[in-house]
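Read through the structure below, which is laid out as structure tokens, and then see the notes.
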Amino acid sequence: MSTRITERSQQTHTALIRALVSKYEEQGYYVKADHIGHPHGRPPEINGHIPDIAAYSDNSLYIIAEAETCDTITDSDTREQWETFSRSSYLFDLIVPKSCLEEAKQQASIWGISVNQWWCLDI
């Protein structure tokens, strides 16, 4: 089942992506990001899915990350992406609103998803 994305949800998603892009860039990564018109372009497709963020170290893709809003955490599309990215050869990070961090962690556990690092934003 897919959730209908509201304008507010889309704004939250964009804010999450921008926040994590800034974190990675501060840490020295070369970053590509989807949905925000990032100057370095979109991340590469990985097994049929494009991650929200790709962070590169020494010219090699190192971390892929997804931003989820509280209303997309339990979607079947979300599960497909998380499964694909967590089973890839890259580190898989997630950023969610602080208000639903525990729900996201619980959902990842239910689905057997391994997350390298959890990030949250108080929005």
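In the structure tokens, chains take the letters A, B, ... in the order shown, each chain's residues start at 1, and ligands count up from 1 in the order shown.
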
Which residues are close to range 53-56 of chain A, i.e. within 6 Å by only C-alpha atoms, leaving aside same-chain residues fewer than 4 positions away? Reply as a PyMOL selection string. chain A and resi 29-33+43+60-65

A:Ser89, A:Leu121, A:Ile95, A:Arg79: which is nearest Ala108 in chain A, counting only C-alpha atoms? A:Arg79

As JSON, numbers by chain, list the residues of chain A assigned to strand (DSSP E or B) by DSSP on the backbone atoms of this structure. {"A": [30, 31, 32, 33, 46, 49, 53, 54, 55, 56, 57, 60, 61, 62, 63, 64, 65, 66, 67, 91, 92, 93, 94, 95, 96, 97, 117, 118, 119, 120, 121]}

Please dump the current selection as an mmCIF file, in the first residue's frame; keep C-alpha atoms.
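Final output, saved to again-v1.cif:
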data_model
loop_
_atom_site.group_PDB
_atom_site.id
_atom_site.type_symbol
_atom_site.label_atom_id
_atom_site.label_comp_id
_atom_site.auth_asym_id
_atom_site.auth_seq_id
_atom_site.Cartn_x
_atom_site.Cartn_y
_atom_site.Cartn_z
ATOM 1 C CA TYR A 30 30.896 14.536 -2.058
ATOM 2 C CA VAL A 31 27.110 14.307 -2.189
ATOM 3 C CA LYS A 32 24.401 13.732 -4.771
ATOM 4 C CA ALA A 33 20.745 14.157 -3.824
ATOM 5 C CA ILE A 46 20.649 0.818 -7.176
ATOM 6 C CA HIS A 49 15.633 2.259 -6.870
ATOM 7 C CA ILE A 53 21.104 10.750 -1.017
ATOM 8 C CA ALA A 54 24.436 9.265 -2.055
ATOM 9 C CA ALA A 55 27.644 10.200 -0.225
ATOM 10 C CA TYR A 56 31.004 9.545 -1.835
ATOM 11 C CA SER A 57 34.426 9.154 -0.257
ATOM 12 C CA SER A 60 33.610 5.908 -4.515
ATOM 13 C CA LEU A 61 30.008 5.617 -3.434
ATOM 14 C CA TYR A 62 30.118 4.947 0.299
ATOM 15 C CA ILE A 63 26.746 5.748 1.907
ATOM 16 C CA ILE A 64 23.218 5.709 0.553
ATOM 17 C CA ALA A 65 20.474 7.315 2.582
ATOM 18 C CA GLU A 66 16.731 7.629 2.576
ATOM 19 C CA ALA A 67 14.541 10.321 4.112
ATOM 20 C CA LEU A 91 26.298 1.734 4.181
ATOM 21 C CA PHE A 92 22.597 2.522 4.559
ATOM 22 C CA ASP A 93 21.477 5.507 6.645
ATOM 23 C CA LEU A 94 17.990 6.803 7.412
ATOM 24 C CA ILE A 95 16.724 10.220 8.457
ATOM 25 C CA VAL A 96 13.225 10.739 9.847
ATOM 26 C CA PRO A 97 11.409 13.387 11.877
ATOM 27 C CA GLN A 117 23.181 5.241 11.203
ATOM 28 C CA TRP A 118 19.885 6.797 12.250
ATOM 29 C CA TRP A 119 19.469 10.538 11.870
ATOM 30 C CA CYS A 120 16.516 12.634 12.973
ATOM 31 C CA LEU A 121 15.388 16.214 12.606
#

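One distance worth recording is that between CA of His35 in chain A and CA of Thr14 in chain A, which is 7.0 Å.
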
Pick out the closest residue to Glu83 in chain A from this set: A:Glu68, A:Cys100, A:Lys105, A:Ile113. Count only C-alpha atoms.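 So, comparing all the options, the nearest one is A:Ile113.
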
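Taking CA of Tyr24 in chain A and CA of Asp52 in chain A as the two end points, the separation is 12.9 Å.
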
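Compared by their closest atoms to Gly28 in chain A, and using only C-alpha atoms, the residues A:Ser109, A:Glu103, A:Thr84, A:Asp58 rank with A:Asp58 nearest.
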